[in-house]
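What follows is the content of coords-v9.cif, which has mmCIF, C-alpha atoms and all ligand atoms:
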```cif
data_input
#
loop_
_atom_site.label_atom_id
_atom_site.label_comp_id
_atom_site.auth_asym_id
_atom_site.auth_seq_id
_atom_site.Cartn_x
_atom_site.Cartn_y
_atom_site.Cartn_z
CA MET A 1 102.89 102.69 93.43
CA ARG A 2 102.82 103.78 97.05
CA LEU A 3 100.13 102.26 99.29
CA ILE A 4 99.30 102.73 102.96
CA ILE A 5 98.08 99.58 104.67
CA GLY A 6 96.21 99.95 107.95
CA MET A 7 95.51 96.93 110.11
CA THR A 8 92.92 97.34 112.86
CA GLY A 9 91.57 95.03 115.55
CA ALA A 10 88.79 93.29 113.68
CA SER A 11 88.69 89.58 113.15
CA GLY A 12 90.42 88.43 109.97
CA VAL A 13 93.94 89.81 110.27
CA VAL A 14 95.16 86.85 108.22
CA ILE A 15 93.64 88.49 105.15
CA ALA A 16 95.86 91.51 105.74
CA VAL A 17 98.91 89.30 106.09
CA GLU A 18 98.13 87.62 102.78
CA LEU A 19 97.68 91.03 101.14
CA LEU A 20 101.04 92.21 102.50
CA LYS A 21 102.73 89.07 101.16
CA ARG A 22 101.23 89.59 97.74
CA LEU A 23 102.20 93.27 97.67
CA LYS A 24 105.74 92.46 98.74
CA ALA A 25 106.09 90.26 95.67
CA ILE A 26 105.19 93.17 93.38
CA GLU A 27 108.36 95.17 92.85
CA SER A 28 106.63 98.36 91.78
CA VAL A 29 104.66 98.65 95.04
CA GLU A 30 105.97 100.43 98.14
CA THR A 31 103.97 99.71 101.29
CA HIS A 32 103.57 101.88 104.40
CA LEU A 33 102.11 99.92 107.31
CA ILE A 34 100.27 100.98 110.48
CA ILE A 35 99.10 98.36 112.97
CA THR A 36 96.76 99.48 115.76
CA GLU A 37 96.96 98.14 119.30
CA GLY A 38 93.66 96.38 118.63
CA ALA A 39 95.21 94.61 115.65
CA GLU A 40 98.14 93.49 117.77
CA LEU A 41 95.62 91.79 120.05
CA THR A 42 93.78 90.01 117.23
CA ILE A 43 97.07 88.97 115.66
CA ARG A 44 97.91 87.32 118.97
CA ASP A 45 94.44 85.85 119.47
CA GLU A 46 93.76 84.60 115.95
CA THR A 47 97.09 83.72 114.41
CA ASP A 48 100.51 82.22 115.04
CA PHE A 49 102.21 85.25 113.48
CA ASP A 50 104.61 87.43 115.39
CA VAL A 51 103.78 91.13 114.91
CA PHE A 52 107.45 91.66 114.14
CA ASP A 53 107.26 89.26 111.17
CA ILE A 54 104.19 91.04 109.83
CA ARG A 55 106.00 94.38 110.06
CA ARG A 56 108.83 92.94 108.00
CA LEU A 57 106.44 92.38 105.10
CA ALA A 58 106.14 96.15 104.61
CA ASP A 59 108.68 98.63 103.28
CA PHE A 60 107.92 101.25 105.94
CA VAL A 61 106.24 100.79 109.32
CA TYR A 62 104.85 103.44 111.67
CA ASP A 63 103.75 103.48 115.26
CA VAL A 64 100.03 104.20 115.44
CA ASN A 65 100.76 107.27 117.61
CA GLU A 66 103.44 108.69 115.30
CA MET A 67 101.40 111.73 114.32
CA ASP A 68 104.34 113.52 112.67
CA ALA A 69 104.98 110.66 110.20
CA SER A 70 105.19 111.45 106.48
CA ILE A 71 101.88 109.71 105.75
CA ALA A 72 100.08 112.12 108.11
CA SER A 73 100.48 114.83 105.48
CA GLY A 74 98.77 115.28 102.13
CA SER A 75 102.07 116.57 100.75
CA PHE A 76 103.41 113.00 100.93
CA LEU A 77 102.12 111.45 97.74
CA VAL A 78 100.46 108.07 97.96
CA ASP A 79 98.25 106.19 95.53
CA GLY A 80 95.80 105.05 98.16
CA MET A 81 95.15 103.34 101.43
CA ILE A 82 93.70 99.96 102.35
CA ILE A 83 92.31 99.37 105.85
CA ILE A 84 92.17 95.65 106.33
CA PRO A 85 90.46 94.43 108.39
CA CYS A 86 88.61 97.57 109.46
CA THR A 87 86.85 97.73 112.83
CA MET A 88 83.59 99.50 113.42
CA LYS A 89 85.48 101.83 115.74
CA THR A 90 87.95 102.90 113.06
CA LEU A 91 85.12 103.16 110.53
CA ALA A 92 83.26 105.52 112.90
CA GLY A 93 86.42 107.53 113.48
CA ILE A 94 86.95 108.07 109.76
CA VAL A 95 83.33 109.05 109.19
CA CYS A 96 83.61 111.73 111.88
CA GLY A 97 86.99 113.00 110.70
CA TYR A 98 88.26 112.13 114.18
CA CYS A 99 92.00 111.78 113.58
CA GLU A 100 92.92 110.38 116.98
CA ASN A 101 95.77 108.23 115.67
CA LEU A 102 98.01 108.01 112.61
CA LEU A 103 95.81 105.46 110.86
CA LEU A 104 92.73 107.67 111.18
CA ARG A 105 94.70 110.71 110.09
CA ALA A 106 96.09 108.91 107.02
CA ALA A 107 92.57 107.86 106.03
CA ASP A 108 91.32 111.41 106.54
CA VAL A 109 94.13 112.68 104.30
CA CYS A 110 93.19 110.16 101.60
CA ILE A 111 89.63 111.43 101.58
CA LYS A 112 90.56 115.12 101.51
CA GLU A 113 93.11 114.53 98.75
CA ASN A 114 90.69 112.39 96.73
CA ARG A 115 92.87 109.31 96.89
CA LYS A 116 91.63 105.76 96.65
CA LEU A 117 90.60 104.58 100.13
CA LEU A 118 89.48 100.96 100.42
CA LEU A 119 87.97 99.53 103.59
CA VAL A 120 87.53 95.88 104.46
CA PRO A 121 85.03 96.32 107.31
CA ARG A 122 84.40 93.23 109.40
CA GLU A 123 81.53 92.70 111.80
CA MET A 124 78.65 90.25 111.93
CA PRO A 125 75.91 91.31 111.76
CA PHE A 126 76.27 94.97 110.78
CA SER A 127 74.10 97.32 112.83
CA ARG A 128 72.29 100.29 111.34
CA ILE A 129 75.04 102.50 112.73
CA HIS A 130 77.70 100.44 110.93
CA LEU A 131 75.71 100.44 107.70
CA ARG A 132 75.07 104.17 107.93
CA ASN A 133 78.78 104.83 108.48
CA MET A 134 79.71 102.68 105.48
CA LYS A 135 77.18 104.52 103.34
CA GLU A 136 78.63 107.88 104.47
CA LEU A 137 82.11 106.80 103.47
CA ALA A 138 80.95 105.33 100.17
CA ASP A 139 79.37 108.72 99.47
CA CYS A 140 82.80 110.27 100.10
CA GLY A 141 84.30 107.99 97.46
CA ALA A 142 85.65 105.19 99.66
CA ILE A 143 85.42 101.63 98.42
CA ILE A 144 83.66 99.36 100.92
CA MET A 145 84.66 95.76 100.49
CA PRO A 146 83.64 93.50 103.39
CA PRO A 147 85.37 90.11 103.32
CA VAL A 148 82.42 88.28 101.80
CA MET A 149 82.83 84.63 100.92
CA THR A 150 82.47 83.60 97.30
CA PHE A 151 81.20 80.31 95.94
CA TYR A 152 81.00 80.73 92.16
CA ASN A 153 84.73 79.98 91.87
CA THR A 154 84.28 76.78 93.93
CA PRO A 155 87.09 77.63 96.37
CA LYS A 156 88.81 74.81 98.18
CA GLY A 157 88.80 76.00 101.78
CA MET A 158 89.71 79.10 103.74
CA ASP A 159 93.01 79.87 101.97
CA ALA A 160 91.24 80.04 98.63
CA GLN A 161 88.58 82.36 100.08
CA ILE A 162 91.29 84.64 101.47
CA SER A 163 93.20 84.66 98.17
CA HIS A 164 90.05 85.58 96.33
CA ILE A 165 89.39 88.56 98.61
CA VAL A 166 93.00 89.71 98.20
CA ASP A 167 92.75 89.34 94.42
CA LYS A 168 89.62 91.50 94.40
CA ILE A 169 91.50 94.20 96.33
CA LEU A 170 94.51 94.04 94.01
CA ARG A 171 92.23 94.48 91.02
CA ILE A 172 90.83 97.71 92.47
CA TYR A 173 94.38 99.13 92.33
CA ASN A 174 95.07 97.66 88.88
CA LEU A 175 97.68 95.33 90.35
CA PRO A 176 98.23 91.80 89.04
CA ASP A 177 95.61 89.41 90.35
CA GLU A 178 94.67 85.79 89.80
CA LEU A 179 90.94 86.24 89.46
CA VAL A 180 89.25 83.77 87.18
CA GLU A 181 86.93 85.42 84.71
CA TRP A 182 83.33 84.28 84.95
CA LYS A 183 82.24 83.35 81.46
CA GLY A 184 78.61 82.63 82.23
CA ASP A 185 77.19 79.20 82.94
CA ARG A 186 77.88 77.86 79.42
CA LYS A 187 80.07 74.81 79.77
C1 LIG B 201 89.55 88.73 119.15
C2 LIG B 201 88.86 90.02 118.83
C3 LIG B 201 88.08 90.12 117.71
C4 LIG B 201 87.44 91.32 117.39
N1 LIG B 201 86.69 91.39 116.24
C5 LIG B 201 86.14 92.55 115.89
C6 LIG B 201 85.45 92.64 114.63
O1 LIG B 201 85.35 91.69 113.86
N2 LIG B 201 84.95 93.85 114.28
C7 LIG B 201 85.05 94.96 115.08
O2 LIG B 201 84.59 96.02 114.68
N3 LIG B 201 85.71 94.89 116.28
C8 LIG B 201 86.25 93.73 116.71
N4 LIG B 201 86.93 93.65 117.90
C9 LIG B 201 86.95 94.82 118.78
C10 LIG B 201 88.04 95.84 118.41
O3 LIG B 201 89.32 95.21 118.43
C11 LIG B 201 88.02 97.01 119.39
O4 LIG B 201 86.84 97.77 119.21
C12 LIG B 201 89.24 97.92 119.27
O5 LIG B 201 89.15 98.94 120.24
C13 LIG B 201 89.34 98.52 117.88
O6 LIG B 201 90.40 99.46 117.84
P1 LIG B 201 91.11 99.82 116.48
O7 LIG B 201 90.05 100.14 115.49
O8 LIG B 201 91.94 101.03 116.82
O9 LIG B 201 91.96 98.64 116.10
C14 LIG B 201 87.56 92.44 118.25
C15 LIG B 201 88.36 92.33 119.40
C16 LIG B 201 88.99 91.16 119.70
C17 LIG B 201 89.85 91.09 120.94
#
```

Is it possible to give me this structure as structure tokens?
Amino acid sequence: MRLIIGMTGASGVVIAVELLKRLKAIESVETHLIITEGAELTIRDETDFDVFDIRRLADFVYDVNEMDASIASGSFLVDGMIIIPCTMKTLAGIVCGYCENLLLRAADVCIKENRKLLLVPREMPFSRIHLRNMKELADCGAIIMPPVMTFYNTPKGMDAQISHIVDKILRIYNLPDELVEWKGDRK
């Protein structure tokens, strides 16, 4: 399976790092990573990770301005793209088909080729513009999966919340996950 991972400058880049780690452990998955300049800022602001170390988690890495990269073309076959976290700016760019950088172009290609595009949009609260843009993309077939906290699995802290979100994403692509099945409230 070939997946494009786009990281943009929304809060929550640690979720993307966890996803990349999990994907790296799955031999059958080949990852193609794009990190925007905005994401480089949030990586610096929110984490202790070096961007270089995050890049090493992927099989292929592209500069966000590398418009002639393989993933800019629909002829390069991929199984989907995950934008995690996804800013409201990038969301708006995709909705408008405004392919200003490689990440936006790759998302545009996914939509035109009917490939599975999953967005992890992060903002709080969402404005009507944000919600309208998400609805537009959902209508185009994109999967909108904001990093919502869960409680039914009684997670122990932030790491467990992050793992749960990553597991939910992996399940969308039929990849191995560690989700616990809810069996109702019968004890
Ligand atoms: C520390 C930090 C946190 C941010 N968090 C968010 C956020 O949660 N959601 C969002 O849409 N933008 C957020 N932004 C603003 C975006 O990074 C900014 O709009 C940027 O231009 C997005 O560009 P990109 O989509 O190409 O990464 C944040 C910026 C910084 C510096």

My list of candidates is A:Phe60, A:Tyr173, A:Phe151, A:Phe49. Which is closest to A:Asp79 when distances are computed with all atoms listed in the file?
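The closest residue to A:Asp79 is A:Tyr173.
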
Using all atoms listed in the file, which residues sit within 12 Å of A:Asn174 once same-chain residues fewer than 4 positions away are excluded, as JSON, numbers by chain?
{"A": [1, 26, 28, 29, 79, 80, 116, 167, 168, 169, 170, 178]}

Got a sec: who's within 7 Å of A:Val95, counting all atoms listed in the file, leaving out chain neighbours fewer than 2 positions off, as JSON, numbers by chain?
{"A": [91, 92, 93, 97, 133, 136, 137]}

So, counting only C-alpha atoms, which residue among A:Asp68, A:Asp63, A:Asp108, A:Glu100 is closest to A:Glu40?
A:Asp63

Would you work out the distance separating atom CA of A:Tyr62 from atom CA of A:Lys135, expressed in Å to one decimal?
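Going from atom CA of A:Tyr62 over to atom CA of A:Lys135 covers 28.9 Å.
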
Quick one: everything within 10 Å of A:Glu18, counting only C-alpha atoms, minus sequence neighbours fewer than 6 positions away in the same chain. Send it as a VMD selection string.
chain A and resid 24 54 57 159 162 to 163 165 to 166

Residue among A:Pro85, A:Gly184, A:Gly6, A:Gly74 lying closest to A:Thr42, counting all atoms listed in the file:
A:Pro85

Around ligand LIG 201 (chain B), at most 10 Å away and counting only C-alpha atoms and all ligand atoms, which residues are there? Put them as a PyMOL selection string, please.
chain A and resi 6-13+35-46+64+83+85-93+100-101+103-104+121-126+130

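Minimum distance to A:Met81 across A:Glu66, A:Asp50, A:Asp185, A:Glu30 (counting only C-alpha atoms) occurs at A:Glu30.
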
Report, in Å to a single decimal, how far apart atom CA of A:Met149 and atom CA of A:Gln161 are.
6.2 Å

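Using only C-alpha atoms, the nearest neighbour of A:Ile82 within the list A:Ala16, A:Ala58, A:Val109, A:Ile129 is A:Ala16.
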
Between atom CA of A:Leu179 and atom CA of A:Leu33, what is the spacing in Å?
25.1 Å
